[in-house]
file protein_24.cif (mmCIF, N, CA, C and O atoms)
data_entry
#
loop_
_atom_site.label_atom_id
_atom_site.label_comp_id
_atom_site.auth_asym_id
_atom_site.auth_seq_id
_atom_site.Cartn_x
_atom_site.Cartn_y
_atom_site.Cartn_z
N PRO A 1 8.36 94.50 -30.25
CA PRO A 1 8.93 95.43 -31.22
C PRO A 1 9.80 96.50 -30.53
O PRO A 1 9.58 96.80 -29.36
N PRO A 2 10.73 97.09 -31.24
CA PRO A 2 11.56 98.13 -30.64
C PRO A 2 10.72 99.30 -30.13
O PRO A 2 9.66 99.59 -30.67
N TYR A 3 11.22 99.93 -29.08
CA TYR A 3 10.61 101.13 -28.49
C TYR A 3 9.22 100.87 -27.91
O TYR A 3 8.42 101.77 -27.76
N THR A 4 8.96 99.61 -27.58
CA THR A 4 7.72 99.23 -26.92
C THR A 4 8.02 98.98 -25.45
O THR A 4 8.90 98.18 -25.12
N ILE A 5 7.31 99.64 -24.58
CA ILE A 5 7.56 99.53 -23.15
C ILE A 5 6.97 98.22 -22.62
O ILE A 5 5.82 97.89 -22.89
N SER A 6 7.79 97.51 -21.87
CA SER A 6 7.36 96.28 -21.19
C SER A 6 7.55 96.48 -19.69
O SER A 6 8.47 97.17 -19.26
N ARG A 7 6.68 95.87 -18.93
CA ARG A 7 6.81 95.91 -17.47
C ARG A 7 7.27 94.54 -17.01
O ARG A 7 6.70 93.54 -17.41
N VAL A 8 8.32 94.54 -16.18
CA VAL A 8 8.86 93.28 -15.67
C VAL A 8 8.99 93.38 -14.16
O VAL A 8 9.30 94.43 -13.62
N ALA A 9 8.75 92.25 -13.51
CA ALA A 9 8.93 92.20 -12.05
C ALA A 9 10.43 92.25 -11.76
O ALA A 9 11.21 91.47 -12.32
N ARG A 10 10.80 93.20 -10.93
CA ARG A 10 12.22 93.38 -10.65
C ARG A 10 12.36 94.04 -9.28
O ARG A 10 11.61 94.95 -8.95
N ASP A 11 13.31 93.56 -8.51
CA ASP A 11 13.51 94.12 -7.17
C ASP A 11 15.00 94.44 -6.99
O ASP A 11 15.62 93.99 -6.05
N ASN A 12 15.55 95.21 -7.92
CA ASN A 12 16.95 95.57 -7.83
C ASN A 12 17.11 97.06 -8.09
O ASN A 12 16.17 97.74 -8.48
N VAL A 13 18.32 97.55 -7.89
CA VAL A 13 18.63 98.94 -8.17
C VAL A 13 19.91 98.97 -9.01
O VAL A 13 20.89 98.33 -8.67
N TRP A 14 19.86 99.69 -10.13
CA TRP A 14 21.05 99.92 -10.95
C TRP A 14 21.73 101.16 -10.42
O TRP A 14 21.08 102.18 -10.18
N HIS A 15 23.05 101.09 -10.26
CA HIS A 15 23.82 102.23 -9.78
C HIS A 15 24.77 102.66 -10.90
O HIS A 15 25.64 101.88 -11.30
N PHE A 16 24.59 103.87 -11.39
CA PHE A 16 25.45 104.43 -12.42
C PHE A 16 26.30 105.49 -11.72
O PHE A 16 25.79 106.49 -11.23
N VAL A 17 27.59 105.27 -11.68
CA VAL A 17 28.52 106.02 -10.84
C VAL A 17 28.85 107.39 -11.45
O VAL A 17 29.07 107.51 -12.66
N ALA A 18 28.91 108.39 -10.59
CA ALA A 18 29.31 109.74 -11.00
C ALA A 18 30.65 109.67 -11.74
O ALA A 18 31.54 108.91 -11.37
N GLY A 19 30.75 110.46 -12.80
CA GLY A 19 31.97 110.48 -13.60
C GLY A 19 31.95 109.53 -14.78
O GLY A 19 32.81 109.60 -15.65
N ARG A 20 30.96 108.64 -14.81
CA ARG A 20 30.84 107.68 -15.92
C ARG A 20 29.84 108.20 -16.94
O ARG A 20 28.91 108.92 -16.62
N ARG A 21 30.02 107.78 -18.17
CA ARG A 21 29.11 108.16 -19.26
C ARG A 21 27.92 107.20 -19.26
O ARG A 21 28.09 106.00 -19.11
N ILE A 22 26.71 107.77 -19.43
CA ILE A 22 25.52 106.94 -19.60
C ILE A 22 24.89 107.28 -20.94
O ILE A 22 25.16 108.32 -21.54
N TYR A 23 24.02 106.37 -21.39
CA TYR A 23 23.36 106.49 -22.69
C TYR A 23 21.87 106.37 -22.44
O TYR A 23 21.42 105.46 -21.76
N GLU A 24 21.10 107.31 -23.01
CA GLU A 24 19.68 107.37 -22.70
C GLU A 24 18.83 107.56 -23.95
O GLU A 24 19.23 108.24 -24.89
N LEU A 25 17.65 106.97 -23.90
CA LEU A 25 16.59 107.29 -24.83
C LEU A 25 15.64 108.24 -24.10
O LEU A 25 15.35 108.02 -22.91
N VAL A 26 15.18 109.25 -24.80
CA VAL A 26 14.26 110.22 -24.21
C VAL A 26 12.98 110.21 -25.04
O VAL A 26 13.01 110.45 -26.25
N ALA A 27 11.88 109.88 -24.38
CA ALA A 27 10.57 109.83 -25.04
C ALA A 27 10.07 111.25 -25.30
O ALA A 27 10.54 112.21 -24.69
N PRO A 28 9.09 111.40 -26.18
CA PRO A 28 8.55 112.73 -26.48
C PRO A 28 8.06 113.50 -25.26
O PRO A 28 8.14 114.73 -25.23
N ASP A 29 7.60 112.79 -24.23
CA ASP A 29 7.11 113.47 -23.02
C ASP A 29 8.22 113.78 -22.03
O ASP A 29 7.97 114.27 -20.94
N GLY A 30 9.49 113.47 -22.40
CA GLY A 30 10.63 113.75 -21.53
C GLY A 30 11.05 112.60 -20.63
O GLY A 30 12.06 112.71 -19.93
N THR A 31 10.28 111.52 -20.63
CA THR A 31 10.65 110.35 -19.83
C THR A 31 11.98 109.80 -20.33
O THR A 31 12.17 109.63 -21.54
N ARG A 32 12.88 109.52 -19.40
CA ARG A 32 14.21 109.01 -19.75
C ARG A 32 14.32 107.52 -19.45
O ARG A 32 13.80 107.04 -18.44
N TYR A 33 15.02 106.84 -20.33
CA TYR A 33 15.31 105.42 -20.19
C TYR A 33 16.82 105.26 -20.33
O TYR A 33 17.39 105.63 -21.36
N VAL A 34 17.47 104.76 -19.29
CA VAL A 34 18.92 104.64 -19.30
C VAL A 34 19.33 103.24 -19.76
O VAL A 34 18.69 102.24 -19.39
N MET A 35 20.36 103.18 -20.59
CA MET A 35 20.83 101.90 -21.10
C MET A 35 21.41 101.08 -19.96
O MET A 35 22.27 101.54 -19.22
N GLN A 36 20.89 99.86 -19.81
CA GLN A 36 21.42 98.96 -18.79
C GLN A 36 22.30 97.89 -19.42
O GLN A 36 23.11 97.28 -18.74
N SER A 37 22.15 97.66 -20.72
CA SER A 37 23.04 96.73 -21.41
C SER A 37 23.02 97.03 -22.90
O SER A 37 22.00 97.44 -23.44
N PHE A 38 24.17 96.85 -23.54
CA PHE A 38 24.19 96.98 -24.99
C PHE A 38 24.39 95.60 -25.59
O PHE A 38 24.89 94.69 -24.95
N SER A 39 23.94 95.47 -26.81
CA SER A 39 23.85 94.16 -27.45
C SER A 39 24.64 94.14 -28.76
O SER A 39 24.71 95.15 -29.46
N ARG A 40 25.15 92.99 -29.07
CA ARG A 40 25.82 92.78 -30.36
C ARG A 40 25.02 91.82 -31.23
O ARG A 40 25.55 91.26 -32.18
N ILE A 41 23.75 91.66 -30.94
CA ILE A 41 22.90 90.75 -31.71
C ILE A 41 22.66 91.31 -33.11
O ILE A 41 22.92 90.65 -34.11
N ALA A 42 22.17 92.53 -33.19
CA ALA A 42 21.87 93.13 -34.50
C ALA A 42 23.12 93.69 -35.17
O ALA A 42 23.20 93.72 -36.39
N ASP A 43 24.07 94.15 -34.37
CA ASP A 43 25.32 94.70 -34.91
C ASP A 43 26.48 94.06 -34.16
O ASP A 43 26.91 94.55 -33.11
N PRO A 44 27.01 92.94 -34.67
CA PRO A 44 28.05 92.21 -33.95
C PRO A 44 29.35 93.00 -33.78
O PRO A 44 30.19 92.62 -32.98
N ASP A 45 29.50 94.10 -34.52
CA ASP A 45 30.72 94.90 -34.42
C ASP A 45 30.60 96.10 -33.49
O ASP A 45 31.55 96.86 -33.33
N LEU A 46 29.43 96.28 -32.86
CA LEU A 46 29.22 97.42 -31.98
C LEU A 46 30.17 97.36 -30.79
O LEU A 46 30.34 96.31 -30.17
N THR A 47 30.82 98.50 -30.51
CA THR A 47 31.74 98.56 -29.38
C THR A 47 31.28 99.62 -28.39
O THR A 47 30.49 100.51 -28.73
N LEU A 48 31.79 99.54 -27.18
CA LEU A 48 31.48 100.52 -26.15
C LEU A 48 31.84 101.93 -26.61
O LEU A 48 31.09 102.88 -26.37
N GLU A 49 32.94 102.06 -27.31
CA GLU A 49 33.38 103.37 -27.78
C GLU A 49 32.40 103.98 -28.78
O GLU A 49 32.31 105.20 -28.90
N GLU A 50 31.65 103.17 -29.50
CA GLU A 50 30.70 103.66 -30.50
C GLU A 50 29.36 104.10 -29.92
O GLU A 50 28.55 104.70 -30.62
N LEU A 51 29.13 103.82 -28.65
CA LEU A 51 27.83 104.15 -28.06
C LEU A 51 27.56 105.65 -28.05
O LEU A 51 26.41 106.06 -28.13
N ALA A 52 28.58 106.47 -27.96
CA ALA A 52 28.37 107.93 -27.92
C ALA A 52 27.66 108.43 -29.17
O ALA A 52 26.92 109.41 -29.13
N THR A 53 27.87 107.75 -30.30
CA THR A 53 27.24 108.17 -31.56
C THR A 53 26.15 107.18 -32.00
O THR A 53 25.74 107.19 -33.16
N LEU A 54 25.67 106.37 -31.08
CA LEU A 54 24.66 105.36 -31.41
C LEU A 54 23.40 105.97 -32.00
O LEU A 54 22.76 105.38 -32.87
N GLY A 55 23.05 107.16 -31.58
CA GLY A 55 21.84 107.82 -32.08
C GLY A 55 21.83 107.96 -33.59
O GLY A 55 20.76 107.98 -34.20
N GLU A 56 23.00 108.03 -34.21
CA GLU A 56 23.09 108.14 -35.66
C GLU A 56 22.70 106.83 -36.36
O GLU A 56 22.34 106.85 -37.53
N GLN A 57 22.76 105.72 -35.64
CA GLN A 57 22.43 104.41 -36.21
C GLN A 57 20.99 103.99 -35.94
O GLN A 57 20.47 103.13 -36.63
N LEU A 58 20.39 104.56 -34.91
CA LEU A 58 19.05 104.13 -34.50
C LEU A 58 17.97 104.72 -35.40
O LEU A 58 18.11 105.83 -35.89
N GLU A 59 16.91 103.97 -35.58
CA GLU A 59 15.72 104.44 -36.29
C GLU A 59 14.69 104.83 -35.24
O GLU A 59 13.75 104.08 -34.96
N LEU A 60 14.90 105.98 -34.64
CA LEU A 60 14.07 106.43 -33.53
C LEU A 60 12.67 106.81 -34.00
O LEU A 60 12.51 107.43 -35.06
N PRO A 61 11.66 106.48 -33.20
CA PRO A 61 10.29 106.94 -33.52
C PRO A 61 10.23 108.46 -33.45
O PRO A 61 11.07 109.10 -32.80
N ASP A 62 9.24 109.03 -34.11
CA ASP A 62 9.06 110.49 -34.09
C ASP A 62 9.03 111.00 -32.65
O ASP A 62 8.34 110.45 -31.80
N GLY A 63 9.79 112.05 -32.41
CA GLY A 63 9.80 112.69 -31.11
C GLY A 63 10.79 112.11 -30.12
O GLY A 63 11.04 112.71 -29.08
N TRP A 64 11.33 110.94 -30.39
CA TRP A 64 12.31 110.32 -29.49
C TRP A 64 13.70 110.83 -29.84
O TRP A 64 13.97 111.21 -30.97
N ARG A 65 14.59 110.82 -28.84
CA ARG A 65 15.98 111.17 -29.11
C ARG A 65 16.91 110.31 -28.26
O ARG A 65 16.51 109.76 -27.23
N PHE A 66 18.14 110.22 -28.72
CA PHE A 66 19.19 109.49 -28.02
C PHE A 66 20.18 110.52 -27.49
O PHE A 66 20.56 111.44 -28.21
N GLU A 67 20.56 110.37 -26.22
CA GLU A 67 21.51 111.28 -25.61
C GLU A 67 22.54 110.49 -24.82
O GLU A 67 22.28 109.36 -24.40
N ASN A 68 23.69 111.10 -24.63
CA ASN A 68 24.68 110.53 -23.71
C ASN A 68 25.28 111.68 -22.92
O ASN A 68 25.32 112.81 -23.39
N ARG A 69 25.68 111.36 -21.70
CA ARG A 69 26.24 112.40 -20.83
C ARG A 69 27.10 111.74 -19.76
O ARG A 69 26.95 110.55 -19.48
N VAL A 70 27.98 112.54 -19.20
CA VAL A 70 28.78 112.09 -18.07
C VAL A 70 28.06 112.54 -16.81
O VAL A 70 27.69 113.72 -16.67
N LEU A 71 27.85 111.61 -15.90
CA LEU A 71 27.12 111.92 -14.67
C LEU A 71 27.94 112.78 -13.73
O LEU A 71 29.13 112.51 -13.50
N THR A 72 27.31 113.80 -13.18
CA THR A 72 27.97 114.63 -12.17
C THR A 72 27.71 114.08 -10.78
O THR A 72 28.41 114.44 -9.83
N GLU A 73 26.70 113.24 -10.65
CA GLU A 73 26.43 112.54 -9.39
C GLU A 73 25.91 111.16 -9.72
O GLU A 73 25.41 110.91 -10.82
N THR A 74 26.02 110.24 -8.78
CA THR A 74 25.59 108.86 -9.01
C THR A 74 24.09 108.82 -9.24
O THR A 74 23.32 109.51 -8.57
N LEU A 75 23.70 108.02 -10.23
CA LEU A 75 22.29 107.84 -10.57
C LEU A 75 21.85 106.46 -10.11
O LEU A 75 22.50 105.46 -10.43
N HIS A 76 20.77 106.40 -9.34
CA HIS A 76 20.21 105.15 -8.85
C HIS A 76 18.89 104.92 -9.58
O HIS A 76 18.00 105.76 -9.50
N VAL A 77 18.77 103.81 -10.26
CA VAL A 77 17.56 103.50 -11.03
C VAL A 77 16.94 102.24 -10.43
O VAL A 77 17.48 101.14 -10.58
N ALA A 78 15.82 102.43 -9.78
CA ALA A 78 15.14 101.32 -9.11
C ALA A 78 13.80 101.06 -9.78
O ALA A 78 13.20 101.94 -10.40
N ALA A 79 13.34 99.85 -9.61
CA ALA A 79 11.99 99.51 -10.03
C ALA A 79 11.02 100.25 -9.10
O ALA A 79 11.37 100.62 -7.98
N ILE A 80 9.82 100.47 -9.59
CA ILE A 80 8.79 101.15 -8.80
C ILE A 80 7.77 100.12 -8.37
O ILE A 80 7.15 99.45 -9.21
N ASP A 81 7.63 99.94 -7.06
CA ASP A 81 6.71 98.94 -6.51
C ASP A 81 6.94 97.56 -7.11
O ASP A 81 6.00 96.84 -7.44
N GLY A 82 8.22 97.21 -7.29
CA GLY A 82 8.56 95.88 -7.78
C GLY A 82 8.41 95.68 -9.28
O GLY A 82 8.56 94.57 -9.78
N MET A 83 8.12 96.76 -10.02
CA MET A 83 7.98 96.66 -11.47
C MET A 83 8.91 97.67 -12.14
O MET A 83 8.98 98.82 -11.73
N ALA A 84 9.59 97.22 -13.18
CA ALA A 84 10.45 98.10 -13.96
C ALA A 84 9.87 98.22 -15.36
O ALA A 84 9.34 97.26 -15.91
N GLU A 85 9.98 99.41 -15.92
CA GLU A 85 9.59 99.62 -17.31
C GLU A 85 10.86 99.60 -18.15
O GLU A 85 11.77 100.39 -17.91
N ILE A 86 10.90 98.68 -19.08
CA ILE A 86 12.07 98.55 -19.93
C ILE A 86 11.65 98.59 -21.39
O ILE A 86 10.49 98.40 -21.73
N LEU A 87 12.61 98.86 -22.24
CA LEU A 87 12.38 98.80 -23.68
C LEU A 87 13.71 98.51 -24.36
O LEU A 87 14.77 98.62 -23.75
N GLN A 88 13.61 98.12 -25.61
CA GLN A 88 14.80 97.91 -26.43
C GLN A 88 14.72 98.82 -27.64
O GLN A 88 13.64 99.12 -28.14
N ASP A 89 15.91 99.24 -28.11
CA ASP A 89 15.95 100.00 -29.35
C ASP A 89 15.99 99.02 -30.53
O ASP A 89 15.88 97.81 -30.33
N ASP A 90 16.12 99.53 -31.74
CA ASP A 90 16.08 98.65 -32.90
C ASP A 90 17.37 97.84 -33.09
O ASP A 90 17.43 97.00 -33.97
N LEU A 91 18.38 98.05 -32.24
CA LEU A 91 19.58 97.22 -32.27
C LEU A 91 19.62 96.27 -31.07
O LEU A 91 20.64 95.67 -30.77
N THR A 92 18.51 96.15 -30.35
CA THR A 92 18.29 95.27 -29.19
C THR A 92 19.09 95.67 -27.94
O THR A 92 19.30 94.84 -27.06
N ASN A 93 19.50 96.93 -27.85
CA ASN A 93 20.07 97.43 -26.61
C ASN A 93 18.92 97.66 -25.64
O ASN A 93 17.82 98.05 -26.04
N THR A 94 19.14 97.42 -24.36
CA THR A 94 18.06 97.45 -23.37
C THR A 94 18.21 98.65 -22.43
O THR A 94 19.31 98.95 -21.96
N TYR A 95 17.08 99.28 -22.15
CA TYR A 95 17.01 100.49 -21.33
C TYR A 95 15.94 100.32 -20.26
O TYR A 95 14.95 99.64 -20.47
N GLN A 96 16.13 100.99 -19.12
CA GLN A 96 15.13 101.00 -18.06
C GLN A 96 14.72 102.43 -17.75
O GLN A 96 15.56 103.34 -17.74
N ARG A 97 13.44 102.60 -17.49
CA ARG A 97 12.91 103.94 -17.18
C ARG A 97 13.55 104.48 -15.90
O ARG A 97 13.70 103.78 -14.91
N VAL A 98 13.92 105.75 -15.97
CA VAL A 98 14.47 106.44 -14.82
C VAL A 98 13.29 107.07 -14.07
O VAL A 98 12.58 107.91 -14.62
N PRO A 99 13.04 106.63 -12.82
CA PRO A 99 11.89 107.19 -12.08
C PRO A 99 12.04 108.68 -11.80
O PRO A 99 13.11 109.20 -11.75
#

call {"tool": "encode", "arguments": {"input": "protein_24.cif", "output": "structure tokens"}}
result
Amino acid sequence: PPYTISRVARDNVWHFVAGRRIYELVAPDGTRYVMQSFSRIADPDLTLEELATLGEQLELPDGWRFENRVLTETLHVAAIDGMAEILQDDLTNTYQRVP
């Protein structure tokens, strides 16, 4: 189900370059999940340009929020001890927990 955290074996690092816009889900406790891929499964017309306002389309659980920002420095998102925590929103976009 959407907004359910799954743990997957992963041994890679995502690099989000300074100056680029990222899209994040923020859990009630402040944990951040950065979008690693967006999907056109639920919304075949979704475009990269529309991601900035994606929060208006999502049915976020209580306490969750969607944010986007331009990075001032490169963000490296790695799995922790070979495991990554990922989740999908209700439009099947995929996010990984930022350690």

call {"tool": "residues_around", "arguments": {"input": "protein_24.cif", "residues": "Arg32 in chain A", "least_positions_apart": "2", "cutoff": "4.5 Å", "atoms": "all atoms listed in the file", "output": "list in words"}}
result
Leu25, Gly30, Val34, Gln96, Arg97 and Val98 of chain A

call {"tool": "closest_residue", "arguments": {"input": "protein_24.cif", "among": "A:Pro99, A:Trp14, A:Met35, A:Asp43", "to": "Thr74 in chain A", "atoms": "only C-alpha atoms"}}
result
A:Trp14

call {"tool": "resolve_selection", "arguments": {"input": "protein_24.cif", "expression": "the PyMOL selection byres ((chain A and resi 36) around 7)", "output": "PyMOL selection string"}}
result
chain A and resi 23+33-35+37-38+93-96

call {"tool": "select_by_dssp", "arguments": {"input": "protein_24.cif", "residues": "chain A", "states": "strand (DSSP E or B)", "output": "VMD selection string"}}
result
chain A and resid 6 to 9 13 to 16 21 to 26 32 to 37 65 to 70 75 to 78 80 83 to 88 94 to 97

call {"tool": "atom_distance", "arguments": {"input": "protein_24.cif", "atom1": "CA of Glu49 in chain A", "atom2": "CA of Arg20 in chain A"}}
result
12.9 Å

call {"tool": "residues_around", "arguments": {"input": "protein_24.cif", "residues": "Thr4 in chain A", "least_positions_apart": "3", "cutoff": "7 Å", "atoms": "only N, CA, C and O atoms", "output": "PDB file with N, CA, C and O atoms, in the coordinates of the input"}}
result
ATOM      1  N   PRO A   1       8.360  94.500 -30.250  1.00  0.00           N
ATOM      2  CA  PRO A   1       8.930  95.430 -31.220  1.00  0.00           C
ATOM      3  C   PRO A   1       9.800  96.500 -30.530  1.00  0.00           C
ATOM      4  O   PRO A   1       9.580  96.800 -29.360  1.00  0.00           O
ATOM      5  N   ARG A   7       6.680  95.870 -18.930  1.00  0.00           N
ATOM      6  CA  ARG A   7       6.810  95.910 -17.470  1.00  0.00           C
ATOM      7  C   ARG A   7       7.270  94.540 -17.010  1.00  0.00           C
ATOM      8  O   ARG A   7       6.700  93.540 -17.410  1.00  0.00           O
ATOM      9  N   ILE A  86      10.900  98.680 -19.080  1.00  0.00           N
ATOM     10  CA  ILE A  86      12.070  98.550 -19.930  1.00  0.00           C
ATOM     11  C   ILE A  86      11.650  98.590 -21.390  1.00  0.00           C
ATOM     12  O   ILE A  86      10.490  98.400 -21.730  1.00  0.00           O
ATOM     13  N   LEU A  87      12.610  98.860 -22.240  1.00  0.00           N
ATOM     14  CA  LEU A  87      12.380  98.800 -23.680  1.00  0.00           C
ATOM     15  C   LEU A  87      13.710  98.510 -24.360  1.00  0.00           C
ATOM     16  O   LEU A  87      14.770  98.620 -23.750  1.00  0.00           O
ATOM     17  N   GLN A  88      13.610  98.120 -25.610  1.00  0.00           N
ATOM     18  CA  GLN A  88      14.800  97.910 -26.430  1.00  0.00           C
ATOM     19  C   GLN A  88      14.720  98.820 -27.640  1.00  0.00           C
ATOM     20  O   GLN A  88      13.640  99.120 -28.140  1.00  0.00           O
ATOM     21  N   ASP A  89      15.910  99.240 -28.110  1.00  0.00           N
ATOM     22  CA  ASP A  89      15.950 100.000 -29.350  1.00  0.00           C
ATOM     23  C   ASP A  89      15.990  99.020 -30.530  1.00  0.00           C
ATOM     24  O   ASP A  89      15.880  97.810 -30.330  1.00  0.00           O
TER      25      ASP A  89
END

call {"tool": "closest_residue", "arguments": {"input": "protein_24.cif", "among": "A:Gly55, A:Pro2, A:Gly82, A:Gly63", "to": "Ala27 in chain A", "atoms": "only N, CA, C and O atoms"}}
result
A:Gly63

call {"tool": "atom_distance", "arguments": {"input": "protein_24.cif", "atom1": "atom C of His76 in chain A", "atom2": "atom N of Val17 in chain A"}}
result
9.0 Å

call {"tool": "residues_around", "arguments": {"input": "protein_24.cif", "residues": "Ile22 in chain A", "least_positions_apart": "5", "cutoff": "6 Å", "atoms": "all atoms listed in the file", "output": "VMD selection string"}}
result
chain A and resid 67 to 71

call {"tool": "atom_distance", "arguments": {"input": "protein_24.cif", "atom1": "atom O of Asp81 in chain A", "atom2": "atom N of Ser6 in chain A"}}
result
14.6 Å

call {"tool": "closest_residue", "arguments": {"input": "protein_24.cif", "among": "A:Arg21, A:Phe16, A:Arg10, A:Val26", "to": "Ala52 in chain A", "atoms": "only C-alpha atoms"}}
result
A:Arg21

call {"tool": "resolve_selection", "arguments": {"input": "protein_24.cif", "expression": "the PyMOL selection byres (((chain A and resi 59 and name CA) around 12) and name CA)", "output": "tab-separated table (two decimals) with N, CA, C and O atoms, keeping the file's coordinate frame"}}
result
chain	number	residue	atom	x	y	z
A	2	PRO	N	10.73	97.09	-31.24
A	2	PRO	CA	11.56	98.13	-30.64
A	2	PRO	C	10.72	99.30	-30.13
A	2	PRO	O	9.66	99.59	-30.67
A	3	TYR	N	11.22	99.93	-29.08
A	3	TYR	CA	10.61	101.13	-28.49
A	3	TYR	C	9.22	100.87	-27.91
A	3	TYR	O	8.42	101.77	-27.76
A	25	LEU	N	17.65	106.97	-23.90
A	25	LEU	CA	16.59	107.29	-24.83
A	25	LEU	C	15.64	108.24	-24.10
A	25	LEU	O	15.35	108.02	-22.91
A	54	LEU	N	25.67	106.37	-31.08
A	54	LEU	CA	24.66	105.36	-31.41
A	54	LEU	C	23.40	105.97	-32.00
A	54	LEU	O	22.76	105.38	-32.87
A	55	GLY	N	23.05	107.16	-31.58
A	55	GLY	CA	21.84	107.82	-32.08
A	55	GLY	C	21.83	107.96	-33.59
A	55	GLY	O	20.76	107.98	-34.20
A	56	GLU	N	23.00	108.03	-34.21
A	56	GLU	CA	23.09	108.14	-35.66
A	56	GLU	C	22.70	106.83	-36.36
A	56	GLU	O	22.34	106.85	-37.53
A	57	GLN	N	22.76	105.72	-35.64
A	57	GLN	CA	22.43	104.41	-36.21
A	57	GLN	C	20.99	103.99	-35.94
A	57	GLN	O	20.47	103.13	-36.63
A	58	LEU	N	20.39	104.56	-34.91
A	58	LEU	CA	19.05	104.13	-34.50
A	58	LEU	C	17.97	104.72	-35.40
A	58	LEU	O	18.11	105.83	-35.89
A	60	LEU	N	14.90	105.98	-34.64
A	60	LEU	CA	14.07	106.43	-33.53
A	60	LEU	C	12.67	106.81	-34.00
A	60	LEU	O	12.51	107.43	-35.06
A	61	PRO	N	11.66	106.48	-33.20
A	61	PRO	CA	10.29	106.94	-33.52
A	61	PRO	C	10.23	108.46	-33.45
A	61	PRO	O	11.07	109.10	-32.80
A	62	ASP	N	9.24	109.03	-34.11
A	62	ASP	CA	9.06	110.49	-34.09
A	62	ASP	C	9.03	111.00	-32.65
A	62	ASP	O	8.34	110.45	-31.80
A	63	GLY	N	9.79	112.05	-32.41
A	63	GLY	CA	9.80	112.69	-31.11
A	63	GLY	C	10.79	112.11	-30.12
A	63	GLY	O	11.04	112.71	-29.08
A	64	TRP	N	11.33	110.94	-30.39
A	64	TRP	CA	12.31	110.32	-29.49
A	64	TRP	C	13.70	110.83	-29.84
A	64	TRP	O	13.97	111.21	-30.97
A	65	ARG	N	14.59	110.82	-28.84
A	65	ARG	CA	15.98	111.17	-29.11
A	65	ARG	C	16.91	110.31	-28.26
A	65	ARG	O	16.51	109.76	-27.23
A	66	PHE	N	18.14	110.22	-28.72
A	66	PHE	CA	19.19	109.49	-28.02
A	66	PHE	C	20.18	110.52	-27.49
A	66	PHE	O	20.56	111.44	-28.21
A	88	GLN	N	13.61	98.12	-25.61
A	88	GLN	CA	14.80	97.91	-26.43
A	88	GLN	C	14.72	98.82	-27.64
A	88	GLN	O	13.64	99.12	-28.14
A	89	ASP	N	15.91	99.24	-28.11
A	89	ASP	CA	15.95	100.00	-29.35
A	89	ASP	C	15.99	99.02	-30.53
A	89	ASP	O	15.88	97.81	-30.33
A	90	ASP	N	16.12	99.53	-31.74
A	90	ASP	CA	16.08	98.65	-32.90
A	90	ASP	C	17.37	97.84	-33.09
A	90	ASP	O	17.43	97.00	-33.97
A	91	LEU	N	18.38	98.05	-32.24
A	91	LEU	CA	19.58	97.22	-32.27
A	91	LEU	C	19.62	96.27	-31.07
A	91	LEU	O	20.64	95.67	-30.77
A	92	THR	N	18.51	96.15	-30.35
A	92	THR	CA	18.29	95.27	-29.19
A	92	THR	C	19.09	95.67	-27.94
A	92	THR	O	19.30	94.84	-27.06

call {"tool": "resolve_selection", "arguments": {"input": "protein_24.cif", "expression": "the PyMOL selection byres ((chain A and resi 77) around 5)", "output": "PyMOL selection string"}}
result
chain A and resi 12-14+75-76+78-79
